[in-house]
file final.cif (mmCIF, C-alpha atoms)
data_input
#
loop_
_atom_site.group_PDB
_atom_site.id
_atom_site.type_symbol
_atom_site.label_atom_id
_atom_site.label_comp_id
_atom_site.auth_asym_id
_atom_site.auth_seq_id
_atom_site.Cartn_x
_atom_site.Cartn_y
_atom_site.Cartn_z
ATOM 1 C CA MET A 1 0.057 4.217 -3.248
ATOM 2 C CA SER A 2 -2.010 1.868 -1.168
ATOM 3 C CA SER A 3 -2.326 -1.745 -2.234
ATOM 4 C CA VAL A 4 -5.829 -1.905 -0.770
ATOM 5 C CA PRO A 5 -8.373 -1.931 -3.609
ATOM 6 C CA ALA A 6 -10.894 0.883 -3.727
ATOM 7 C CA PRO A 7 -14.462 -0.041 -2.808
ATOM 8 C CA LEU A 8 -16.843 -0.761 -5.659
ATOM 9 C CA GLN A 9 -19.214 2.187 -5.393
ATOM 10 C CA ALA A 10 -20.468 5.203 -7.305
ATOM 11 C CA GLY A 11 -17.544 7.460 -8.144
ATOM 12 C CA CYS A 12 -14.861 4.777 -8.342
ATOM 13 C CA LEU A 13 -13.043 3.937 -11.551
ATOM 14 C CA LEU A 14 -12.834 0.563 -13.253
ATOM 15 C CA VAL A 15 -9.611 0.080 -15.187
ATOM 16 C CA ALA A 16 -9.735 -2.699 -17.791
ATOM 17 C CA LEU A 17 -6.867 -5.136 -17.352
ATOM 18 C CA PRO A 18 -5.185 -6.971 -20.245
ATOM 19 C CA SER A 19 -7.063 -10.186 -19.394
ATOM 20 C CA LEU A 20 -10.397 -8.555 -20.316
ATOM 21 C CA SER A 21 -11.205 -9.997 -23.733
ATOM 22 C CA ASP A 22 -14.325 -7.932 -24.552
ATOM 23 C CA PRO A 23 -13.329 -5.481 -27.344
ATOM 24 C CA ASN A 24 -15.948 -3.018 -26.065
ATOM 25 C CA PHE A 25 -13.754 -2.465 -23.026
ATOM 26 C CA ASP A 26 -10.187 -2.974 -24.256
ATOM 27 C CA ARG A 27 -7.954 -0.457 -22.396
ATOM 28 C CA THR A 28 -10.903 1.474 -21.042
ATOM 29 C CA VAL A 29 -11.492 3.418 -17.870
ATOM 30 C CA VAL A 30 -15.091 3.398 -16.621
ATOM 31 C CA LEU A 31 -16.589 5.813 -14.105
ATOM 32 C CA VAL A 32 -19.126 3.935 -11.981
ATOM 33 C CA LEU A 33 -22.251 6.098 -11.756
ATOM 34 C CA ALA A 34 -24.328 3.666 -9.698
ATOM 35 C CA HIS A 35 -23.732 0.354 -7.961
ATOM 36 C CA ASP A 36 -26.049 -1.802 -5.890
ATOM 37 C CA PRO A 37 -25.229 -5.452 -5.149
ATOM 38 C CA ASP A 38 -28.896 -6.367 -5.703
ATOM 39 C CA ASP A 39 -29.455 -4.321 -8.872
ATOM 40 C CA GLY A 40 -26.070 -4.256 -10.614
ATOM 41 C CA ALA A 41 -23.924 -1.398 -11.832
ATOM 42 C CA LEU A 42 -23.945 1.369 -14.418
ATOM 43 C CA GLY A 43 -21.041 3.449 -15.670
ATOM 44 C CA VAL A 44 -19.580 5.353 -18.608
ATOM 45 C CA VAL A 45 -16.340 4.800 -20.511
ATOM 46 C CA LEU A 46 -14.135 7.867 -20.006
ATOM 47 C CA ASN A 47 -11.604 7.358 -22.766
ATOM 48 C CA ARG A 48 -13.523 6.752 -25.998
ATOM 49 C CA PRO A 49 -14.098 10.135 -27.677
ATOM 50 C CA SER A 50 -16.147 10.208 -30.877
ATOM 51 C CA ASP A 51 -15.826 12.628 -33.789
ATOM 52 C CA THR A 52 -19.157 14.314 -32.945
ATOM 53 C CA ALA A 53 -18.881 17.769 -31.405
ATOM 54 C CA VAL A 54 -21.107 18.269 -28.345
ATOM 55 C CA GLY A 55 -22.635 21.273 -30.139
ATOM 56 C CA ASP A 56 -24.055 19.076 -32.908
ATOM 57 C CA PRO A 57 -26.661 17.256 -30.784
ATOM 58 C CA LEU A 58 -26.657 19.653 -27.781
ATOM 59 C CA PRO A 59 -25.809 23.234 -28.816
ATOM 60 C CA ARG A 60 -26.844 24.713 -25.447
ATOM 61 C CA TRP A 61 -24.298 22.524 -23.633
ATOM 62 C CA ALA A 62 -21.372 23.124 -26.036
ATOM 63 C CA PRO A 63 -19.933 26.128 -24.116
ATOM 64 C CA LEU A 64 -19.617 23.950 -20.987
ATOM 65 C CA ALA A 65 -18.097 20.924 -22.732
ATOM 66 C CA ALA A 66 -14.784 19.832 -21.229
ATOM 67 C CA GLN A 67 -11.978 19.504 -23.766
ATOM 68 C CA PRO A 68 -11.977 17.730 -26.083
ATOM 69 C CA GLY A 69 -15.489 19.065 -26.676
ATOM 70 C CA VAL A 70 -16.876 15.923 -28.288
ATOM 71 C CA VAL A 71 -19.444 13.293 -27.371
ATOM 72 C CA PHE A 72 -17.822 10.218 -25.801
ATOM 73 C CA LEU A 73 -18.881 6.619 -26.452
ATOM 74 C CA GLY A 74 -20.037 5.729 -22.949
ATOM 75 C CA GLY A 75 -20.522 2.026 -23.570
ATOM 76 C CA PRO A 76 -22.259 -0.608 -25.627
ATOM 77 C CA VAL A 77 -25.688 -0.281 -23.963
ATOM 78 C CA GLY A 78 -28.305 2.285 -24.968
ATOM 79 C CA ALA A 79 -26.295 3.997 -27.699
ATOM 80 C CA THR A 80 -29.113 6.509 -28.231
ATOM 81 C CA ALA A 81 -29.124 7.512 -24.558
ATOM 82 C CA ALA A 82 -27.175 10.646 -23.626
ATOM 83 C CA ILE A 83 -25.684 10.995 -20.152
ATOM 84 C CA GLY A 84 -24.106 14.211 -18.948
ATOM 85 C CA VAL A 85 -21.450 14.027 -16.235
ATOM 86 C CA ALA A 86 -20.454 17.381 -14.820
ATOM 87 C CA ARG A 87 -18.365 19.064 -12.168
ATOM 88 C CA GLY A 88 -20.615 21.159 -10.001
ATOM 89 C CA PRO A 89 -22.030 21.904 -6.578
ATOM 90 C CA GLY A 90 -22.320 18.421 -5.117
ATOM 91 C CA ARG A 91 -25.880 19.000 -3.882
ATOM 92 C CA PRO A 92 -28.904 17.141 -5.309
ATOM 93 C CA GLY A 93 -31.778 18.842 -7.079
ATOM 94 C CA GLY A 94 -32.635 21.071 -9.988
ATOM 95 C CA GLY A 95 -31.351 18.831 -12.777
ATOM 96 C CA TRP A 96 -28.262 17.711 -10.839
ATOM 97 C CA ALA A 97 -27.733 14.284 -9.220
ATOM 98 C CA PRO A 98 -24.484 13.808 -7.269
ATOM 99 C CA VAL A 99 -22.276 10.791 -8.003
ATOM 100 C CA ALA A 100 -19.255 11.503 -5.792
ATOM 101 C CA GLY A 101 -17.807 14.722 -4.447
ATOM 102 C CA HIS A 102 -18.330 17.495 -6.970
ATOM 103 C CA LEU A 103 -19.123 15.101 -9.814
ATOM 104 C CA GLY A 104 -22.673 14.337 -10.788
ATOM 105 C CA THR A 105 -25.018 13.744 -13.653
ATOM 106 C CA VAL A 106 -26.985 16.561 -15.240
ATOM 107 C CA ASP A 107 -30.306 16.545 -17.053
ATOM 108 C CA LEU A 108 -29.250 17.318 -20.628
ATOM 109 C CA GLY A 109 -32.900 18.007 -21.515
ATOM 110 C CA LEU A 110 -32.646 21.243 -19.558
ATOM 111 C CA ASP A 111 -30.939 24.400 -20.661
ATOM 112 C CA PRO A 112 -27.775 24.791 -18.536
ATOM 113 C CA ASP A 113 -29.230 28.061 -17.194
ATOM 114 C CA GLU A 114 -32.219 26.118 -15.816
ATOM 115 C CA LEU A 115 -30.065 24.120 -13.380
ATOM 116 C CA THR A 116 -30.587 25.151 -9.769
ATOM 117 C CA GLU A 117 -26.810 25.167 -9.287
ATOM 118 C CA SER A 118 -24.288 26.003 -11.985
ATOM 119 C CA VAL A 119 -21.782 23.522 -13.361
ATOM 120 C CA ASP A 120 -18.388 24.529 -14.678
ATOM 121 C CA ALA A 121 -17.731 21.633 -17.075
ATOM 122 C CA VAL A 122 -19.688 18.764 -18.611
ATOM 123 C CA ARG A 123 -18.823 15.650 -20.564
ATOM 124 C CA VAL A 124 -21.535 14.056 -22.711
ATOM 125 C CA PHE A 125 -21.675 10.286 -23.209
ATOM 126 C CA SER A 126 -23.630 8.355 -25.811
ATOM 127 C CA GLY A 127 -24.570 5.026 -24.270
ATOM 128 C CA TYR A 128 -23.325 3.411 -21.099
ATOM 129 C CA ALA A 129 -21.893 0.239 -19.612
ATOM 130 C CA GLY A 130 -24.204 -1.900 -17.516
ATOM 131 C CA TRP A 131 -23.899 -5.053 -15.434
ATOM 132 C CA VAL A 132 -26.610 -7.161 -13.798
ATOM 133 C CA ALA A 133 -26.352 -8.038 -10.106
ATOM 134 C CA GLY A 134 -23.142 -9.933 -9.396
ATOM 135 C CA GLN A 135 -21.777 -9.700 -12.956
ATOM 136 C CA LEU A 136 -19.277 -6.903 -12.350
ATOM 137 C CA GLU A 137 -18.108 -8.423 -9.065
ATOM 138 C CA SER A 138 -17.502 -11.702 -10.909
ATOM 139 C CA GLU A 139 -15.499 -9.931 -13.635
ATOM 140 C CA ILE A 140 -13.406 -8.199 -10.962
ATOM 141 C CA ASP A 141 -12.763 -11.532 -9.205
ATOM 142 C CA LEU A 142 -11.627 -12.997 -12.550
ATOM 143 C CA GLY A 143 -9.067 -10.206 -12.950
ATOM 144 C CA ALA A 144 -10.779 -8.319 -15.770
ATOM 145 C CA TRP A 145 -11.062 -5.018 -13.888
ATOM 146 C CA MET A 146 -9.120 -3.120 -11.268
ATOM 147 C CA VAL A 147 -11.151 -0.859 -8.981
ATOM 148 C CA VAL A 148 -9.355 2.389 -8.107
ATOM 149 C CA ASP A 149 -10.111 5.769 -6.641
ATOM 150 C CA GLY A 150 -10.080 8.466 -9.253
ATOM 151 C CA ALA A 151 -8.117 11.706 -9.140
ATOM 152 C CA PRO A 152 -10.075 14.974 -9.380
ATOM 153 C CA ASP A 153 -9.294 15.525 -13.069
ATOM 154 C CA ASP A 154 -9.701 11.954 -14.380
ATOM 155 C CA VAL A 155 -13.339 12.231 -15.452
ATOM 156 C CA LEU A 156 -12.881 15.427 -17.461
ATOM 157 C CA CYS A 157 -9.348 14.597 -18.617
ATOM 158 C CA ALA A 158 -8.224 16.629 -21.643
ATOM 159 C CA ASP A 159 -6.117 13.655 -22.856
ATOM 160 C CA PRO A 160 -8.530 10.709 -22.923
ATOM 161 C CA ALA A 161 -6.159 8.666 -25.126
ATOM 162 C CA GLY A 162 -3.570 8.668 -22.314
ATOM 163 C CA LEU A 163 -5.977 8.138 -19.394
ATOM 164 C CA TRP A 164 -5.705 4.327 -19.166
ATOM 165 C CA ARG A 165 -1.892 4.412 -19.014
ATOM 166 C CA MET A 166 -1.840 7.404 -16.650
ATOM 167 C CA ILE A 167 -4.094 5.698 -14.109
ATOM 168 C CA LEU A 168 -2.157 2.424 -14.239
ATOM 169 C CA ARG A 169 1.174 4.224 -13.779
ATOM 170 C CA ARG A 170 -0.238 6.127 -10.824
ATOM 171 C CA GLN A 171 -0.924 2.831 -9.011
ATOM 172 C CA GLY A 172 2.813 2.136 -8.738
ATOM 173 C CA GLY A 173 4.572 -1.204 -8.303
ATOM 174 C CA ARG A 174 3.799 -4.083 -10.641
ATOM 175 C CA THR A 175 0.467 -2.556 -11.589
ATOM 176 C CA ALA A 176 2.273 0.380 -13.195
ATOM 177 C CA TRP A 177 4.016 -2.071 -15.545
ATOM 178 C CA LEU A 178 0.654 -2.865 -17.132
ATOM 179 C CA ALA A 179 0.638 0.628 -18.644
ATOM 180 C CA ASN A 180 3.192 -0.676 -21.154
ATOM 181 C CA TRP A 181 1.063 -3.659 -22.194
ATOM 182 C CA THR A 182 0.932 -4.191 -25.928
ATOM 183 C CA LEU A 183 -1.508 -6.278 -27.910
ATOM 184 C CA ASP A 184 1.337 -7.493 -30.088
ATOM 185 C CA PRO A 185 4.209 -9.013 -28.019
ATOM 186 C CA ARG A 186 6.518 -8.520 -30.994
ATOM 187 C CA MET A 187 6.297 -4.796 -30.255
ATOM 188 C CA ASN A 188 8.149 -5.231 -26.927
#

call {"tool": "encode", "arguments": {"input": "final.cif", "output": "structure tokens"}}
result
Amino acid sequence: MSSVPAPLQAGCLLVALPSLSDPNFDRTVVLVLAHDPDDGALGVVLNRPSDTAVGDPLPRWAPLAAQPGVVFLGGPVGATAAIGVARGPGRPGGGWAPVAGHLGTVDLGLDPDELTESVDAVRVFSGYAGWVAGQLESEIDLGAWMVVDGAPDDVLCADPAGLWRMILRRQGGRTAWLANWTLDPRMN
């Protein structure tokens, strides 16, 4: 693995480091959906599944829901907002907005059949994480977040509870040790 940090841009992952004291982000992995140095950043937490099945609020999208087929808690901002992140064509238009590669956001107000291009899997997030201009960069400089490139299956991972550890281990070296971090040192 390269020791060069990934660029902070749409499609990268933010991995919360043990020094991050905000309980909203303890051991989280965030997919950055948008980043602009002048406007700030927006992302969704990938490893906080809820108990609500996607079919409860969005029955038309349930057949496309990646496993586990539940709504995820995307972050502490806009808890009533629903954001759909899907694997699809990678081209803009028709209810699809690319984020990176074949990942993009979908308009959950549409029926999946109304999309110009089909998607093969979607994850639904309630709420999002947001940072004003310079805030996220400052948190990264303070050692709260690690910026990494994601693997193709990270966003729609079937084991969200293990995602944080998996990504840290994949980084290798001393960073991989952080995957064993415990909140209670007596547990070591």

call {"tool": "residues_around", "arguments": {"input": "final.cif", "residues": "Leu17 (chain A)", "least_positions_apart": "3", "cutoff": "8 Å", "atoms": "all atoms listed in the file", "output": "list in words"}}
result
Leu20, Asp26, Arg27, Gly143, Ala144, Trp145, Met146 and Leu178 of chain A

call {"tool": "resolve_selection", "arguments": {"input": "final.cif", "expression": "the PyMOL selection byres ((chain A and resi 137) around 12)", "output": "ChimeraX atom specification"}}
result
/A:7-9,14,35-38,40-41,131-136,138-147

call {"tool": "residues_around", "arguments": {"input": "final.cif", "residues": "Val148 (chain A)", "least_positions_apart": "4", "cutoff": "12 Å", "atoms": "only C-alpha atoms", "output": "PyMOL selection string"}}
result
chain A and resi 1-16+29-32+140+154+164+167-168+170-171+175

call {"tool": "closest_residue", "arguments": {"input": "final.cif", "among": "A:Gly127, A:Gly109, A:Gly43, A:Gly94", "to": "Thr80 (chain A)", "atoms": "all atoms listed in the file"}}
result
A:Gly127

call {"tool": "closest_residue", "arguments": {"input": "final.cif", "among": "A:Leu42, A:Ala179, A:Leu64, A:Leu163", "to": "Ser118 (chain A)", "atoms": "only C-alpha atoms"}}
result
A:Leu64

call {"tool": "resolve_selection", "arguments": {"input": "final.cif", "expression": "the PyMOL selection byres ((chain A and resi 24) around 12)", "output": "CSV table (one decimal) with C-alpha atoms, keeping the file's coordinate frame"}}
result
chain,number,residue,atom,x,y,z
A,16,ALA,CA,-9.7,-2.7,-17.8
A,20,LEU,CA,-10.4,-8.6,-20.3
A,21,SER,CA,-11.2,-10.0,-23.7
A,22,ASP,CA,-14.3,-7.9,-24.6
A,23,PRO,CA,-13.3,-5.5,-27.3
A,25,PHE,CA,-13.8,-2.5,-23.0
A,26,ASP,CA,-10.2,-3.0,-24.3
A,27,ARG,CA,-8.0,-0.5,-22.4
A,28,THR,CA,-10.9,1.5,-21.0
A,29,VAL,CA,-11.5,3.4,-17.9
A,30,VAL,CA,-15.1,3.4,-16.6
A,44,VAL,CA,-19.6,5.4,-18.6
A,45,VAL,CA,-16.3,4.8,-20.5
A,47,ASN,CA,-11.6,7.4,-22.8
A,48,ARG,CA,-13.5,6.8,-26.0
A,73,LEU,CA,-18.9,6.6,-26.5
A,74,GLY,CA,-20.0,5.7,-22.9
A,75,GLY,CA,-20.5,2.0,-23.6
A,76,PRO,CA,-22.3,-0.6,-25.6
A,77,VAL,CA,-25.7,-0.3,-24.0
A,127,GLY,CA,-24.6,5.0,-24.3
A,128,TYR,CA,-23.3,3.4,-21.1
A,129,ALA,CA,-21.9,0.2,-19.6
A,130,GLY,CA,-24.2,-1.9,-17.5

call {"tool": "axis_aligned_box", "arguments": {"input": "final.cif", "around": "region 121-125 of chain A", "padding_each_side": "6 Å", "output": "AutoDock Vina command-line options"}}
result
--center_x -19.7 --center_y 16.0 --center_z -20.1 --size_x 15.9 --size_y 23.3 --size_z 18.1

call {"tool": "resolve_selection", "arguments": {"input": "final.cif", "expression": "the PyMOL selection byres ((chain A and resi 121) around 8)", "output": "list in words"}}
result
Leu64, Ala65, Ala66, Ala86, Arg87, Gly88, Val119, Asp120, Val122, Arg123 and Leu156 of chain A

call {"tool": "closest_residue", "arguments": {"input": "final.cif", "among": "A:Asn180, A:Thr116, A:Ser19, A:Ser50", "to": "Arg91 (chain A)", "atoms": "all atoms listed in the file"}}
result
A:Thr116

call {"tool": "closest_residue", "arguments": {"input": "final.cif", "among": "A:Pro112, A:Pro152, A:Gly172, A:Gly69", "to": "Val124 (chain A)", "atoms": "all atoms listed in the file"}}
result
A:Gly69

call {"tool": "atom_distance", "arguments": {"input": "final.cif", "atom1": "CA of Leu58 (chain A)", "atom2": "CA of Val71 (chain A)"}}
result
9.6 Å

call {"tool": "atom_distance", "arguments": {"input": "final.cif", "atom1": "CA of Ala34 (chain A)", "atom2": "CA of Gly84 (chain A)"}}
result
14.0 Å

call {"tool": "atom_distance", "arguments": {"input": "final.cif", "atom1": "CA of Gly101 (chain A)", "atom2": "CA of Leu33 (chain A)"}}
result
12.1 Å

call {"tool": "residues_near_point", "arguments": {"input": "final.cif", "point": "(-23.6, 11.1, -8.7)", "cutoff": "9 Å", "atoms": "all atoms listed in the file", "output": "NGL selection string"}}
result
:A and (10-11 or 33-34 or 85 or 90 or 92 or 96-105)
